[in-house]
Amino acid sequence: MTVLSDPPVARPATPPAPPPSLRSRTDELRAVQEAASEGPGPQATERQHAKGKLTARERLALLFDPGSFNEVEPLRRHRATGFGLEHRRPHTDGVVTGWGTVEGRTVFAYAHDFRIFGGALGEAHAEKIHKLMDLAESAGAPLVSLNDGAGARIQEGVTALAGYGGIFRRNTRCSGVIPQISVMLGPCAGGAAYSPALTDFVFMVRGTSQMFITGPDVVQAVTGESITQNELGGADVHGATTGVAAFVHDDEESCLDEVRHLLSLLPSNNRELPPHEPTSDPADRRTASLLDLVPADPTRAYDVTQVIAEIVDDGDWTEVHADWAPNIVCALARLDGQVVGIVANQPTALAGVLDIAASEKAARFVQTCDAFSIPLVTLLDVPGFLPGRDQEHGGIIRHGAKLLYAYCNATVPRVQLILRKAYGGAYIVMDSRSIGADLSFAWPANEIAVMGAEGAANVVFRREIAAADDPEAARAQRIKEYKSELMHPYYAAERGLVDDVIDPAETRSVLIRSLAMLRAKRAPLPERKHGIPPL
């Protein structure tokens with residue numbers, strides 16, 4: 001028998017969910033943004049802090065003026081697969097990029113986030129940096145990189161390596177166009193170390209930052225030498241031995257504060273002049289203390305940094321490469337509020353001679369100042385080039401020629417001041433009138449000659465001295481004659497090789513007036529693709 005069932009009871013249809021509103025979507029966006037900003041979580045942040053290091057965003061907050069940072073691509077994620085990468089796709093992909101202001105001026109920066117993939121560079125990571133570098137070049141603003149990464153992301157293979165190539169190409173294209181500053185705040189190994197090497201200034205922090213091409217494990221495997229990361233490529237190694245680091249600091253806070261100060265001394269790009277800063281230090285202030293600071297005896301040492309401090313505005317100056325090649329001082333300072341680059345021989349270190357390291361240090365500084373329209377003041381007290389087999393075999397001819405080339409090629413205002421002795425080829429190389437200095441001044445104790453009087457007398461009057469009844473008396477007489485005829489303070493001025501012999505107490509005012517006259521200098525170079533410096 002067929003049993004008839006009751007017909008199904010119709011139930012009312014579930015009403016469709018209302019479409020998301022713009023307000024709800026905005027709430028969702030805020031949640032995503034907060035998650036991206038916080039990163040992988042508090043444990044990863046604690047591990048970073050335990051190493052004595054700040055996070056990427058904490059570093060950017062110290063670099064930029066408060067509330068001025070604008071992030072670019074904060075939601076970017078990689079698209080790589082394999083080795084479990086498809087299950088780990090954090091926002092930012094391990095690098096925070098953007099722009100902000102430093103003392104009101106636009107600056108671009110990127111910061112590796114070591115908490116994400118150890119800051120290692122992958123395809124998306126690299127593309128973010130490429131975009132930021134292109135923006136910095138287009139906007140004509142400085143670029144600062146806060147480096148704390150483990151190199152190329154191995155899981156992404158050759159794609160990661162290509163990303164580094166794009167960074168290197170942009171570093172080179174922007175060289176001399178916008179200031180580029182690298183701040184090393186963690187490890188930087190392998191090919192990744194070449195990007196900082198291509199930039200204008202490198203900062204390092206003791207104990208936490210290292211740079212090397214091959215790490216300690218590889219060194220030990222290949223050579224059998226056991227060495228730590230800091231011994232191989234720590235901040236002090238690169239600050240004092242290799243010259244890679246221009247500035248070395250004990251902590252990140254002081255390091256980033258110094259980066260801000262350096263930016264205040266640099267123009268935004270090569271089409272602008274460095275920023276002028278009003279000063280209460282009078283332009284005509286006398287520098288009478290220099291009369292007692294520098295001994296007239298050319299064999300007695302003094303600290304040339306005290307001379308610099310007396311001349312510049314408010315005694316405030318910033319030394320570059322302070323621990324490398326200390327026999328020459330390179331510094332940025334202001335004269336009457338205008339930024340100048342100062343190159344000075346340092347008599348307290350190797351008597352101020354030029355050697356391989358000093359030549360390279362000064363040559364790079366001169367080229368940097370010339371690229372960014374910073375006038376050059378050269379303070380001269382040099383006995384010559386350092387003699388010896390190590391220097392000759394190390395290539396002092398080629399390295400010394402780098403400094404000569406840099407000065408000869410520089411088109412910014414150039415003023416030379418001879419404090420005391422200026423002997424031989426070193427006198428020519430240190431921005432003499434013959435290689436293009438606009439103005440040359442000298443103090444009354446100056447000695448300009450091929451060599452010192454003692455050496456010159458021994459060479460010129462060798463036979464006469466040897467044949468004399470009293471060789472020592474004959475030598476003393478000839479030294480006195482040589483000094484009086486060829487090394488008196490006015491010899492070079494009489495021949496137009498020095499523009500004037502000045503009172504040391506008037507040094508500051510003479511330099512300020514000279515640079516003011518030269519401010520509109522134009523010195524076009526010959527038409528060419530580029531010169532070929534003695535690299």
# chains A, B, ... in the order shown; residues from 1 in each chain; ligands from 1
$ closest_atom_pairs --of "region 204-258 of chain A" --to "region 90-109 of chain A" --cutoff "12 Å" --atoms "only C-alpha atoms" --output "CSV"
residue,atom,partner,partner_atom,distance
A:Leu256,CA,A:Val102,CA,11.2
A:Asp257,CA,A:Val102,CA,10.5
A:Glu258,CA,A:Val102,CA,11.8
$ write_last_selection --atoms "C-alpha atoms" --output "mmCIF file, in the first residue's frame"
data_model
loop_
_atom_site.group_PDB
_atom_site.id
_atom_site.type_symbol
_atom_site.label_atom_id
_atom_site.label_comp_id
_atom_site.auth_asym_id
_atom_site.auth_seq_id
_atom_site.Cartn_x
_atom_site.Cartn_y
_atom_site.Cartn_z
ATOM 1 C CA LEU A 256 71.744 57.190 13.397
ATOM 2 C CA ASP A 257 72.060 60.591 15.052
ATOM 3 C CA GLU A 258 75.356 61.067 13.201
#
$ closest_residue --among "A:Leu263, A:Leu22, A:Ala240, A:Ala442" --to "Thr318 (chain A)" --atoms "only C-alpha atoms"
A:Leu263
$ closest_residue --among "A:Val222, A:Met451, A:Ile479, A:Val412" --to "Arg519 (chain A)" --atoms "only C-alpha atoms"
A:Val412
$ atom_distance --atom1 "CA of Thr45 (chain A)" --atom2 "CA of Ile167 (chain A)"
27.5 Å
$ residues_around --residues "Pro471 (chain A)" --least-positions-apart "5" --cutoff "12 Å" --atoms "only C-alpha atoms" --output "list of chain:residue names"
A:Ala457, A:Asn458, A:Phe461, A:Arg462, A:Arg463, A:Glu464, A:Ile465, A:Ala466, A:Ala476, A:Gln477, A:Arg478
$ write_last_selection --atoms "N, CA and C atoms" --output "PDB file, in the first residue's frame"
ATOM      1  N   ALA A 457     121.076  70.196   0.278  1.00  0.00           N
ATOM      2  CA  ALA A 457     122.497  70.530   0.373  1.00  0.00           C
ATOM      3  C   ALA A 457     123.372  69.292   0.198  1.00  0.00           C
ATOM      4  N   ASN A 458     122.938  68.177   0.764  1.00  0.00           N
ATOM      5  CA  ASN A 458     123.711  66.943   0.630  1.00  0.00           C
ATOM      6  C   ASN A 458     123.793  66.468  -0.814  1.00  0.00           C
ATOM      7  N   PHE A 461     125.604  69.866  -3.088  1.00  0.00           N
ATOM      8  CA  PHE A 461     126.972  70.208  -2.713  1.00  0.00           C
ATOM      9  C   PHE A 461     127.732  68.998  -2.165  1.00  0.00           C
ATOM     10  N   ARG A 462     127.372  67.828  -2.617  1.00  0.00           N
ATOM     11  CA  ARG A 462     127.962  66.596  -2.073  1.00  0.00           C
ATOM     12  C   ARG A 462     129.490  66.595  -2.182  1.00  0.00           C
ATOM     13  N   ARG A 463     129.995  66.869  -3.386  1.00  0.00           N
ATOM     14  CA  ARG A 463     131.453  66.808  -3.596  1.00  0.00           C
ATOM     15  C   ARG A 463     132.175  67.916  -2.829  1.00  0.00           C
ATOM     16  N   GLU A 464     131.584  69.095  -2.834  1.00  0.00           N
ATOM     17  CA  GLU A 464     132.209  70.212  -2.135  1.00  0.00           C
ATOM     18  C   GLU A 464     132.297  69.942  -0.648  1.00  0.00           C
ATOM     19  N   ILE A 465     131.232  69.392  -0.081  1.00  0.00           N
ATOM     20  CA  ILE A 465     131.226  69.096   1.355  1.00  0.00           C
ATOM     21  C   ILE A 465     132.246  68.020   1.678  1.00  0.00           C
ATOM     22  N   ALA A 466     132.318  66.995   0.825  1.00  0.00           N
ATOM     23  CA  ALA A 466     133.247  65.897   1.075  1.00  0.00           C
ATOM     24  C   ALA A 466     134.698  66.368   1.009  1.00  0.00           C
ATOM     25  N   ALA A 476     126.701  72.897   7.017  1.00  0.00           N
ATOM     26  CA  ALA A 476     125.856  73.869   7.701  1.00  0.00           C
ATOM     27  C   ALA A 476     125.779  75.178   6.920  1.00  0.00           C
ATOM     28  N   GLN A 477     126.926  75.599   6.357  1.00  0.00           N
ATOM     29  CA  GLN A 477     126.938  76.837   5.587  1.00  0.00           C
ATOM     30  C   GLN A 477     126.085  76.714   4.328  1.00  0.00           C
ATOM     31  N   ARG A 478     126.207  75.584   3.639  1.00  0.00           N
ATOM     32  CA  ARG A 478     125.447  75.388   2.408  1.00  0.00           C
ATOM     33  C   ARG A 478     123.945  75.248   2.698  1.00  0.00           C
TER      34      ARG A 478
END
$ closest_residue --among "A:Val366, A:Val244, A:Val205, A:Leu419" --to "Pro187 (chain A)" --atoms "only C-alpha atoms"
A:Val205
$ select_by_dssp --residues "region 272-482 of chain A" --states "alpha helix (DSSP H)" --output "VMD selection string"
chain A and resid 290 to 293 304 to 311 356 to 371 389 to 394 396 to 409 424 to 429 453 to 460 462 to 467 471 to 482
$ write_last_selection --atoms "C-alpha atoms" --output "PDB file, in the first residue's frame"
ATOM      1  CA  LEU A 290      97.193  79.839  15.640  1.00  0.00           C
ATOM      2  CA  LEU A 291     100.356  81.920  16.138  1.00  0.00           C
ATOM      3  CA  ASP A 292     101.191  79.834  19.211  1.00  0.00           C
ATOM      4  CA  LEU A 293      99.620  76.561  18.098  1.00  0.00           C
ATOM      5  CA  VAL A 304      96.220  69.956  12.818  1.00  0.00           C
ATOM      6  CA  THR A 305      92.703  69.236  14.092  1.00  0.00           C
ATOM      7  CA  GLN A 306      93.207  72.119  16.539  1.00  0.00           C
ATOM      8  CA  VAL A 307      93.942  74.366  13.562  1.00  0.00           C
ATOM      9  CA  ILE A 308      90.731  73.218  11.880  1.00  0.00           C
ATOM     10  CA  ALA A 309      88.693  73.792  15.034  1.00  0.00           C
ATOM     11  CA  GLU A 310      90.046  77.326  15.367  1.00  0.00           C
ATOM     12  CA  ILE A 311      89.223  78.253  11.765  1.00  0.00           C
ATOM     13  CA  ILE A 356      99.118  54.717  -0.111  1.00  0.00           C
ATOM     14  CA  ALA A 357      96.251  54.806   2.397  1.00  0.00           C
ATOM     15  CA  ALA A 358      96.359  58.594   2.839  1.00  0.00           C
ATOM     16  CA  SER A 359      96.311  59.119  -0.919  1.00  0.00           C
ATOM     17  CA  GLU A 360      93.273  56.865  -1.356  1.00  0.00           C
ATOM     18  CA  LYS A 361      91.447  58.416   1.589  1.00  0.00           C
ATOM     19  CA  ALA A 362      91.968  61.988   0.414  1.00  0.00           C
ATOM     20  CA  ALA A 363      91.259  61.157  -3.239  1.00  0.00           C
ATOM     21  CA  ARG A 364      87.869  59.657  -2.418  1.00  0.00           C
ATOM     22  CA  PHE A 365      86.998  62.614  -0.192  1.00  0.00           C
ATOM     23  CA  VAL A 366      87.980  65.149  -2.862  1.00  0.00           C
ATOM     24  CA  GLN A 367      85.876  63.334  -5.469  1.00  0.00           C
ATOM     25  CA  THR A 368      82.883  63.202  -3.110  1.00  0.00           C
ATOM     26  CA  CYS A 369      83.101  66.924  -2.360  1.00  0.00           C
ATOM     27  CA  ASP A 370      83.465  67.749  -6.044  1.00  0.00           C
ATOM     28  CA  ALA A 371      80.440  65.614  -6.957  1.00  0.00           C
ATOM     29  CA  ARG A 389     110.061  49.189  -0.485  1.00  0.00           C
ATOM     30  CA  ASP A 390     106.616  48.365   0.896  1.00  0.00           C
ATOM     31  CA  GLN A 391     105.208  51.616  -0.425  1.00  0.00           C
ATOM     32  CA  GLU A 392     106.864  51.301  -3.827  1.00  0.00           C
ATOM     33  CA  HIS A 393     105.863  47.653  -4.265  1.00  0.00           C
ATOM     34  CA  GLY A 394     102.376  48.443  -2.956  1.00  0.00           C
ATOM     35  CA  ILE A 396     102.447  54.350  -4.280  1.00  0.00           C
ATOM     36  CA  ILE A 397     102.864  55.768  -7.789  1.00  0.00           C
ATOM     37  CA  ARG A 398      99.430  54.575  -8.869  1.00  0.00           C
ATOM     38  CA  HIS A 399      97.720  55.337  -5.558  1.00  0.00           C
ATOM     39  CA  GLY A 400      99.336  58.749  -5.241  1.00  0.00           C
ATOM     40  CA  ALA A 401      98.148  59.497  -8.759  1.00  0.00           C
ATOM     41  CA  LYS A 402      94.568  58.933  -7.573  1.00  0.00           C
ATOM     42  CA  LEU A 403      94.816  62.007  -5.348  1.00  0.00           C
ATOM     43  CA  LEU A 404      96.478  63.988  -8.117  1.00  0.00           C
ATOM     44  CA  TYR A 405      93.731  62.988 -10.559  1.00  0.00           C
ATOM     45  CA  ALA A 406      90.982  63.844  -8.075  1.00  0.00           C
ATOM     46  CA  TYR A 407      92.293  67.350  -7.501  1.00  0.00           C
ATOM     47  CA  CYS A 408      93.023  68.021 -11.182  1.00  0.00           C
ATOM     48  CA  ASN A 409      89.523  66.877 -12.129  1.00  0.00           C
ATOM     49  CA  GLY A 424     108.529  67.758  -3.580  1.00  0.00           C
ATOM     50  CA  GLY A 425     105.795  65.978  -5.477  1.00  0.00           C
ATOM     51  CA  ALA A 426     103.563  65.956  -2.412  1.00  0.00           C
ATOM     52  CA  TYR A 427     103.373  69.756  -2.615  1.00  0.00           C
ATOM     53  CA  ILE A 428     102.182  69.542  -6.207  1.00  0.00           C
ATOM     54  CA  VAL A 429      99.655  66.803  -5.461  1.00  0.00           C
ATOM     55  CA  ALA A 453     117.334  72.098   2.941  1.00  0.00           C
ATOM     56  CA  GLU A 454     119.447  69.394   4.594  1.00  0.00           C
ATOM     57  CA  GLY A 455     118.712  66.840   1.902  1.00  0.00           C
ATOM     58  CA  ALA A 456     119.097  69.377  -0.886  1.00  0.00           C
ATOM     59  CA  ALA A 457     122.497  70.530   0.373  1.00  0.00           C
ATOM     60  CA  ASN A 458     123.711  66.943   0.630  1.00  0.00           C
ATOM     61  CA  VAL A 459     122.762  66.323  -2.994  1.00  0.00           C
ATOM     62  CA  VAL A 460     123.751  69.620  -4.647  1.00  0.00           C
ATOM     63  CA  ARG A 462     127.962  66.596  -2.073  1.00  0.00           C
ATOM     64  CA  ARG A 463     131.453  66.808  -3.596  1.00  0.00           C
ATOM     65  CA  GLU A 464     132.209  70.212  -2.135  1.00  0.00           C
ATOM     66  CA  ILE A 465     131.226  69.096   1.355  1.00  0.00           C
ATOM     67  CA  ALA A 466     133.247  65.897   1.075  1.00  0.00           C
ATOM     68  CA  ALA A 467     136.367  67.824  -0.007  1.00  0.00           C
ATOM     69  CA  PRO A 471     132.628  68.864   6.197  1.00  0.00           C
ATOM     70  CA  GLU A 472     130.105  69.603   8.940  1.00  0.00           C
ATOM     71  CA  ALA A 473     130.788  73.331   8.884  1.00  0.00           C
ATOM     72  CA  ALA A 474     130.634  73.333   5.082  1.00  0.00           C
ATOM     73  CA  ARG A 475     127.342  71.439   5.163  1.00  0.00           C
ATOM     74  CA  ALA A 476     125.856  73.869   7.701  1.00  0.00           C
ATOM     75  CA  GLN A 477     126.938  76.837   5.587  1.00  0.00           C
ATOM     76  CA  ARG A 478     125.447  75.388   2.408  1.00  0.00           C
ATOM     77  CA  ILE A 479     122.183  74.514   4.193  1.00  0.00           C
ATOM     78  CA  LYS A 480     121.943  78.102   5.407  1.00  0.00           C
ATOM     79  CA  GLU A 481     122.603  79.426   1.900  1.00  0.00           C
ATOM     80  CA  TYR A 482     120.042  77.082   0.328  1.00  0.00           C
TER      81      TYR A 482
END
$ select_by_dssp --residues "region 413-511 of chain A" --states "strand (DSSP E)" --output "PyMOL selection string"
chain A and resi 414-423+439-442+447-449+500-501
$ closest_residue --among "A:Pro274, A:Gly352, A:Pro282, A:Pro534" --to "Arg300 (chain A)" --atoms "only C-alpha atoms"
A:Gly352
$ closest_residue --among "A:Ala505, A:Ile435, A:Leu332, A:Asp381" --to "Glu447 (chain A)" --atoms "only C-alpha atoms"
A:Asp381
